[in-house]
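For reference, the structure is listed below as structure tokens.
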Amino acid sequence: MFEKCFVPFVKSSLLGVDEIQTNQHENDESGRSSSVPLSDPLDKCMKALFKEMTDLLPELKVDVIHDFDMTPMRRPKILVQTVGHISGAVYMYRLEDLKSHESCISETGSSLPLNIPWTSDQKIFPVCLHPRFGGWFALRGVIIFKTVTCHSLARPIPRPLLQSPEEIVKLLELYNNCWRNNAFRDVIPVQEKYSSTQQKYFATPPAKRIELLKQILEKK
């Protein structure tokens with residue numbers, strides 16, 4: 001997605017780097033510099049891409065909801081990880097997956113307590129794994145076909161990718177407490193992962209991504 005879609009979009013569209021930089025350093029109503037970008041280039045890219053897809057189906061009524069769309073109460077309009085799990089495309093691991101594994105069985109057959117590395121009051125966020133890409137993917141949004149029904153459409157069952165409660169604990173721990181090193185993405189063997197350029201871009205603080213993006217465009 002990054003090299004084949006995002007970089008060409010920024011380079012060829014009306015969304016130039018200078019425009020992005022202007023938006024990201026816009027002042028808020030109080031006159032103070034805002035630390036929150038008013039326009040994220042990747043979000044604009046996704047909006048354009050989803051529009052291209054829906055334009056191919058002009059006869060259908062559709063709703064598009066992006067992962068970054070928020071309600072007036074500043075809550076996500078859609079939980080894309082839940083949608084991905086329900087679709088069968090990925091498996092979403094949650095703290096609830098450990099409820100039935102309060103203890104694990106040792107090689108001798110005795111019951112042992114699970115070694116939980118986080119505190120009981122810590123909020124543990126769920127994380128999805130893909131059977132081919134592990135954690136090297138992102139769910140960017142959904143297209144809802146409002147007038148299409150298909151009663152015979154099979155509903156795929158999400159396939160668990162981890163074999164033990166210890167592996168689930170490790171995944172949740174890496175995602176919630178060590179996500180910057182990307183180790184959670186490789187808890188299962190993967191067929192493909194982000195390029196080094198894409199990894200560098202997302203590892204760069206948002207305020208410094210414009211300069212990196214300029215360097216990437218200059219090499220293209």
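Ligands are numbered from 1 in the order shown, residues from 1 within each chain, and chains are lettered A, B, ... in the order they appear in the structure tokens.
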Contacts of Leu162 of chain A within 10 Å, only C-alpha atoms, excl. fewer than 4 positions in-chain, as a ChimeraX atom specification: /A:91,93,129,166-168,171,187-188
Write the residues of the preceding selection, restricted to all heavy atoms, as a PDB file, in the first residue's frame.
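What follows is the written file selection_13.pdb:
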```
ATOM      1  N   TYR A  91      -8.145 -12.511  12.967  1.00  0.00           N
ATOM      2  CA  TYR A  91      -8.612 -12.972  14.272  1.00  0.00           C
ATOM      3  C   TYR A  91      -8.231 -11.921  15.302  1.00  0.00           C
ATOM      4  O   TYR A  91      -7.055 -11.560  15.432  1.00  0.00           O
ATOM      5  CB  TYR A  91      -7.996 -14.324  14.646  1.00  0.00           C
ATOM      6  CG  TYR A  91      -8.723 -14.993  15.790  1.00  0.00           C
ATOM      7  CD1 TYR A  91      -9.701 -15.951  15.539  1.00  0.00           C
ATOM      8  CD2 TYR A  91      -8.456 -14.665  17.116  1.00  0.00           C
ATOM      9  CE1 TYR A  91     -10.395 -16.563  16.588  1.00  0.00           C
ATOM     10  CE2 TYR A  91      -9.129 -15.258  18.159  1.00  0.00           C
ATOM     11  CZ  TYR A  91     -10.103 -16.210  17.889  1.00  0.00           C
ATOM     12  OH  TYR A  91     -10.790 -16.798  18.923  1.00  0.00           O
ATOM     13  N   TYR A  93      -7.677 -10.823  19.012  1.00  0.00           N
ATOM     14  CA  TYR A  93      -7.398 -11.357  20.344  1.00  0.00           C
ATOM     15  C   TYR A  93      -7.673 -10.284  21.389  1.00  0.00           C
ATOM     16  O   TYR A  93      -7.219  -9.148  21.278  1.00  0.00           O
ATOM     17  CB  TYR A  93      -5.946 -11.840  20.439  1.00  0.00           C
ATOM     18  CG  TYR A  93      -5.738 -13.143  19.712  1.00  0.00           C
ATOM     19  CD1 TYR A  93      -5.260 -13.157  18.407  1.00  0.00           C
ATOM     20  CD2 TYR A  93      -6.060 -14.353  20.310  1.00  0.00           C
ATOM     21  CE1 TYR A  93      -5.091 -14.350  17.720  1.00  0.00           C
ATOM     22  CE2 TYR A  93      -5.911 -15.552  19.640  1.00  0.00           C
ATOM     23  CZ  TYR A  93      -5.417 -15.552  18.343  1.00  0.00           C
ATOM     24  OH  TYR A  93      -5.267 -16.739  17.669  1.00  0.00           O
ATOM     25  N   LEU A 129      -4.636 -10.411  14.215  1.00  0.00           N
ATOM     26  CA  LEU A 129      -3.596 -11.065  13.423  1.00  0.00           C
ATOM     27  C   LEU A 129      -4.204 -11.575  12.124  1.00  0.00           C
ATOM     28  O   LEU A 129      -5.340 -12.052  12.112  1.00  0.00           O
ATOM     29  CB  LEU A 129      -2.976 -12.238  14.186  1.00  0.00           C
ATOM     30  CG  LEU A 129      -2.111 -11.921  15.411  1.00  0.00           C
ATOM     31  CD1 LEU A 129      -1.575 -13.216  16.005  1.00  0.00           C
ATOM     32  CD2 LEU A 129      -0.961 -10.983  15.058  1.00  0.00           C
ATOM     33  N   GLU A 166      -0.473 -18.885  26.644  1.00  0.00           N
ATOM     34  CA  GLU A 166       0.782 -18.158  26.823  1.00  0.00           C
ATOM     35  C   GLU A 166       1.089 -17.300  25.592  1.00  0.00           C
ATOM     36  O   GLU A 166       1.612 -16.180  25.721  1.00  0.00           O
ATOM     37  CB  GLU A 166       1.939 -19.129  27.076  1.00  0.00           C
ATOM     38  CG  GLU A 166       1.866 -19.839  28.409  1.00  0.00           C
ATOM     39  CD  GLU A 166       1.070 -21.148  28.341  1.00  0.00           C
ATOM     40  OE1 GLU A 166       0.413 -21.404  27.301  1.00  0.00           O
ATOM     41  OE2 GLU A 166       1.114 -21.893  29.332  1.00  0.00           O
ATOM     42  N   GLU A 167       0.771 -17.804  24.407  1.00  0.00           N
ATOM     43  CA  GLU A 167       1.006 -17.034  23.186  1.00  0.00           C
ATOM     44  C   GLU A 167       0.086 -15.819  23.119  1.00  0.00           C
ATOM     45  O   GLU A 167       0.486 -14.752  22.639  1.00  0.00           O
ATOM     46  CB  GLU A 167       0.799 -17.925  21.959  1.00  0.00           C
ATOM     47  CG  GLU A 167       1.864 -18.981  21.773  1.00  0.00           C
ATOM     48  CD  GLU A 167       1.585 -19.873  20.575  1.00  0.00           C
ATOM     49  OE1 GLU A 167       0.415 -20.269  20.378  1.00  0.00           O
ATOM     50  OE2 GLU A 167       2.536 -20.183  19.844  1.00  0.00           O
ATOM     51  N   ILE A 168      -1.141 -15.981  23.607  1.00  0.00           N
ATOM     52  CA  ILE A 168      -2.078 -14.853  23.632  1.00  0.00           C
ATOM     53  C   ILE A 168      -1.586 -13.780  24.594  1.00  0.00           C
ATOM     54  O   ILE A 168      -1.623 -12.589  24.292  1.00  0.00           O
ATOM     55  CB  ILE A 168      -3.492 -15.332  24.025  1.00  0.00           C
ATOM     56  CG1 ILE A 168      -4.012 -16.355  23.010  1.00  0.00           C
ATOM     57  CG2 ILE A 168      -4.450 -14.139  24.119  1.00  0.00           C
ATOM     58  CD1 ILE A 168      -5.345 -16.977  23.393  1.00  0.00           C
ATOM     59  N   LEU A 171       1.260 -11.901  22.947  1.00  0.00           N
ATOM     60  CA  LEU A 171       0.779 -10.975  21.913  1.00  0.00           C
ATOM     61  C   LEU A 171       0.194  -9.715  22.539  1.00  0.00           C
ATOM     62  O   LEU A 171       0.542  -8.590  22.138  1.00  0.00           O
ATOM     63  CB  LEU A 171      -0.278 -11.657  21.041  1.00  0.00           C
ATOM     64  CG  LEU A 171      -1.026 -10.748  20.056  1.00  0.00           C
ATOM     65  CD1 LEU A 171      -0.076 -10.170  19.020  1.00  0.00           C
ATOM     66  CD2 LEU A 171      -2.179 -11.507  19.389  1.00  0.00           C
ATOM     67  N   VAL A 187       4.586 -12.403  15.817  1.00  0.00           N
ATOM     68  CA  VAL A 187       4.381 -13.518  16.758  1.00  0.00           C
ATOM     69  C   VAL A 187       4.043 -14.812  16.028  1.00  0.00           C
ATOM     70  O   VAL A 187       4.123 -15.889  16.623  1.00  0.00           O
ATOM     71  CB  VAL A 187       3.272 -13.186  17.789  1.00  0.00           C
ATOM     72  CG1 VAL A 187       3.691 -12.029  18.684  1.00  0.00           C
ATOM     73  CG2 VAL A 187       1.944 -12.892  17.099  1.00  0.00           C
ATOM     74  N   ILE A 188       3.664 -14.708  14.759  1.00  0.00           N
ATOM     75  CA  ILE A 188       3.489 -15.892  13.916  1.00  0.00           C
ATOM     76  C   ILE A 188       4.326 -15.672  12.658  1.00  0.00           C
ATOM     77  O   ILE A 188       4.641 -14.521  12.312  1.00  0.00           O
ATOM     78  CB  ILE A 188       2.004 -16.143  13.535  1.00  0.00           C
ATOM     79  CG1 ILE A 188       1.444 -14.971  12.717  1.00  0.00           C
ATOM     80  CG2 ILE A 188       1.161 -16.404  14.767  1.00  0.00           C
ATOM     81  CD1 ILE A 188       0.053 -15.237  12.148  1.00  0.00           C
TER      82      ILE A 188
END
```
Hey, what's within 10 Å of Gly84 of chain A if we count only C-alpha atoms and toss same-chain stuff fewer than 3 positions away? As a ChimeraX atom specification, please? /A:79-81,87-92,128-130,139,141-142,158
Tell me, as a list in words, which residues lie within 10 Å of segment 1-4 of chain A, counting only C-alpha atoms; anything in the same chain fewer than 4 positions away does not count.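 Answer for this query is Pro8, Phe9, Leu42, Phe137, Ala138, Tyr194, Ser195, Thr197, Gln198, Gln199, Tyr201, Ile216 and Lys220 of chain A.
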Residues from last step as file, N, CA, C and O atoms, as a JSON list (two decimals), in the first residue's frame:
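Saved to again12.json:
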```
[["chain", "number", "residue", "atom", "x", "y", "z"],
["A", 8, "PRO", "N", 2.70, 7.47, -4.46],
["A", 8, "PRO", "CA", 2.26, 8.04, -5.74],
["A", 8, "PRO", "C", 1.11, 9.03, -5.59],
["A", 8, "PRO", "O", 1.03, 10.01, -6.33],
["A", 9, "PHE", "N", 0.21, 8.78, -4.63],
["A", 9, "PHE", "CA", -0.90, 9.70, -4.39],
["A", 9, "PHE", "C", -0.40, 11.07, -3.98],
["A", 9, "PHE", "O", -0.80, 12.10, -4.52],
["A", 42, "LEU", "N", -2.18, 10.43, 4.82],
["A", 42, "LEU", "CA", -2.64, 9.06, 4.63],
["A", 42, "LEU", "C", -4.16, 8.99, 4.66],
["A", 42, "LEU", "O", -4.78, 8.24, 3.89],
["A", 137, "PHE", "N", -0.30, -5.31, 8.77],
["A", 137, "PHE", "CA", -1.41, -4.86, 7.94],
["A", 137, "PHE", "C", -2.18, -3.81, 8.73],
["A", 137, "PHE", "O", -1.93, -3.58, 9.91],
["A", 138, "ALA", "N", -3.11, -3.14, 8.06],
["A", 138, "ALA", "CA", -3.98, -2.17, 8.74],
["A", 138, "ALA", "C", -5.37, -2.26, 8.13],
["A", 138, "ALA", "O", -5.52, -2.49, 6.92],
["A", 194, "TYR", "N", 5.85, -4.89, 6.09],
["A", 194, "TYR", "CA", 6.10, -3.54, 5.58],
["A", 194, "TYR", "C", 7.54, -3.40, 5.12],
["A", 194, "TYR", "O", 8.46, -3.98, 5.71],
["A", 195, "SER", "N", 7.74, -2.59, 4.07],
["A", 195, "SER", "CA", 9.08, -2.29, 3.62],
["A", 195, "SER", "C", 9.81, -1.47, 4.68],
["A", 195, "SER", "O", 9.19, -0.91, 5.59],
["A", 197, "THR", "N", 11.14, 1.37, 4.30],
["A", 197, "THR", "CA", 10.72, 2.77, 4.17],
["A", 197, "THR", "C", 9.41, 3.00, 4.90],
["A", 197, "THR", "O", 9.24, 3.99, 5.62],
["A", 198, "GLN", "N", 8.46, 2.09, 4.73],
["A", 198, "GLN", "CA", 7.17, 2.22, 5.40],
["A", 198, "GLN", "C", 7.33, 2.10, 6.91],
["A", 198, "GLN", "O", 6.71, 2.86, 7.67],
["A", 199, "GLN", "N", 8.16, 1.19, 7.36],
["A", 199, "GLN", "CA", 8.39, 1.06, 8.79],
["A", 199, "GLN", "C", 9.01, 2.33, 9.37],
["A", 199, "GLN", "O", 8.63, 2.79, 10.45],
["A", 201, "TYR", "N", 8.67, 5.35, 8.19],
["A", 201, "TYR", "CA", 7.66, 6.42, 8.16],
["A", 201, "TYR", "C", 6.75, 6.35, 9.39],
["A", 201, "TYR", "O", 6.53, 7.35, 10.07],
["A", 216, "ILE", "N", 11.50, 10.98, 0.70],
["A", 216, "ILE", "CA", 11.02, 9.83, -0.06],
["A", 216, "ILE", "C", 10.61, 10.26, -1.46],
["A", 216, "ILE", "O", 10.94, 9.61, -2.46],
["A", 220, "LYS", "N", 11.97, 9.42, -5.71],
["A", 220, "LYS", "CA", 11.11, 8.77, -6.70],
["A", 220, "LYS", "C", 11.30, 9.38, -8.08],
["A", 220, "LYS", "O", 11.52, 10.56, -8.23]]
```
DSSP on the backbone, then: every residue of segment 2-213 of chain A marked strand (DSSP E or B), written as a PyMOL selection string. chain A and resi 27+33+62-66+70+76+91-93+103-105+111-113+127-130+134+141-145
Selection to disk with C-alpha atoms, as an mmCIF file, in the first residue's frame:
```cif
data_model
loop_
_atom_site.group_PDB
_atom_site.id
_atom_site.type_symbol
_atom_site.label_atom_id
_atom_site.label_comp_id
_atom_site.auth_asym_id
_atom_site.auth_seq_id
_atom_site.Cartn_x
_atom_site.Cartn_y
_atom_site.Cartn_z
ATOM 1 C CA ASN A 27 -3.059 27.442 14.512
ATOM 2 C CA SER A 33 0.104 26.155 17.437
ATOM 3 C CA VAL A 62 -23.216 2.795 -0.343
ATOM 4 C CA ASP A 63 -21.910 4.207 2.906
ATOM 5 C CA VAL A 64 -18.180 4.593 3.458
ATOM 6 C CA ILE A 65 -16.823 4.665 6.997
ATOM 7 C CA HIS A 66 -13.104 5.162 7.574
ATOM 8 C CA MET A 70 -15.494 9.997 14.610
ATOM 9 C CA PRO A 76 -15.027 5.923 16.503
ATOM 10 C CA TYR A 91 -8.612 -12.972 14.272
ATOM 11 C CA MET A 92 -8.987 -10.412 17.042
ATOM 12 C CA TYR A 93 -7.398 -11.357 20.344
ATOM 13 C CA SER A 103 -4.671 -21.615 34.542
ATOM 14 C CA CYS A 104 -2.658 -23.649 32.084
ATOM 15 C CA ILE A 105 -1.673 -27.309 32.150
ATOM 16 C CA SER A 111 -2.552 -26.861 36.750
ATOM 17 C CA LEU A 112 -0.363 -23.752 36.737
ATOM 18 C CA PRO A 113 -1.461 -20.100 36.945
ATOM 19 C CA VAL A 127 -5.168 -6.717 18.520
ATOM 20 C CA CYS A 128 -5.783 -8.568 15.254
ATOM 21 C CA LEU A 129 -3.596 -11.065 13.423
ATOM 22 C CA HIS A 130 -3.838 -11.972 9.743
ATOM 23 C CA GLY A 134 0.570 -11.503 11.025
ATOM 24 C CA GLY A 141 -12.415 1.274 6.692
ATOM 25 C CA VAL A 142 -15.558 -0.367 5.355
ATOM 26 C CA ILE A 143 -17.949 0.028 2.450
ATOM 27 C CA ILE A 144 -21.572 -0.764 3.327
ATOM 28 C CA PHE A 145 -23.832 -1.766 0.424
#
```
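Relative to atom CA of Val83 of chain A, atom CA of Lys146 of chain A is found at 16.3 Å.
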Among the residues of segment 116-190 of chain A, find those DSSP assigns to alpha helix (DSSP H) from the backbone and print them as a ChimeraX atom specification. /A:165-177
Shell around Glu218 of chain A at 10 Å using only C-alpha atoms, local window under 5 positions removed, as an MDAnalysis selection string: chainID A and resid 11 212:213
For the residues selected in the previous step, produce a file with N, CA, C and O atoms as an mmCIF file, in the first residue's frame.
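Final output, result.cif:
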```
data_model
loop_
_atom_site.group_PDB
_atom_site.id
_atom_site.type_symbol
_atom_site.label_atom_id
_atom_site.label_comp_id
_atom_site.auth_asym_id
_atom_site.auth_seq_id
_atom_site.Cartn_x
_atom_site.Cartn_y
_atom_site.Cartn_z
ATOM 1 N N LYS A 11 2.512 12.299 -4.467
ATOM 2 C CA LYS A 11 3.340 12.890 -5.524
ATOM 3 C C LYS A 11 2.512 13.452 -6.667
ATOM 4 O O LYS A 11 2.830 14.513 -7.214
ATOM 5 N N LEU A 212 10.480 13.583 6.273
ATOM 6 C CA LEU A 212 10.787 12.251 5.754
ATOM 7 C C LEU A 212 10.069 12.031 4.436
ATOM 8 O O LEU A 212 10.639 11.454 3.488
ATOM 9 N N LEU A 213 8.811 12.461 4.350
ATOM 10 C CA LEU A 213 8.040 12.300 3.126
ATOM 11 C C LEU A 213 8.679 13.070 1.968
ATOM 12 O O LEU A 213 8.705 12.596 0.827
#
```
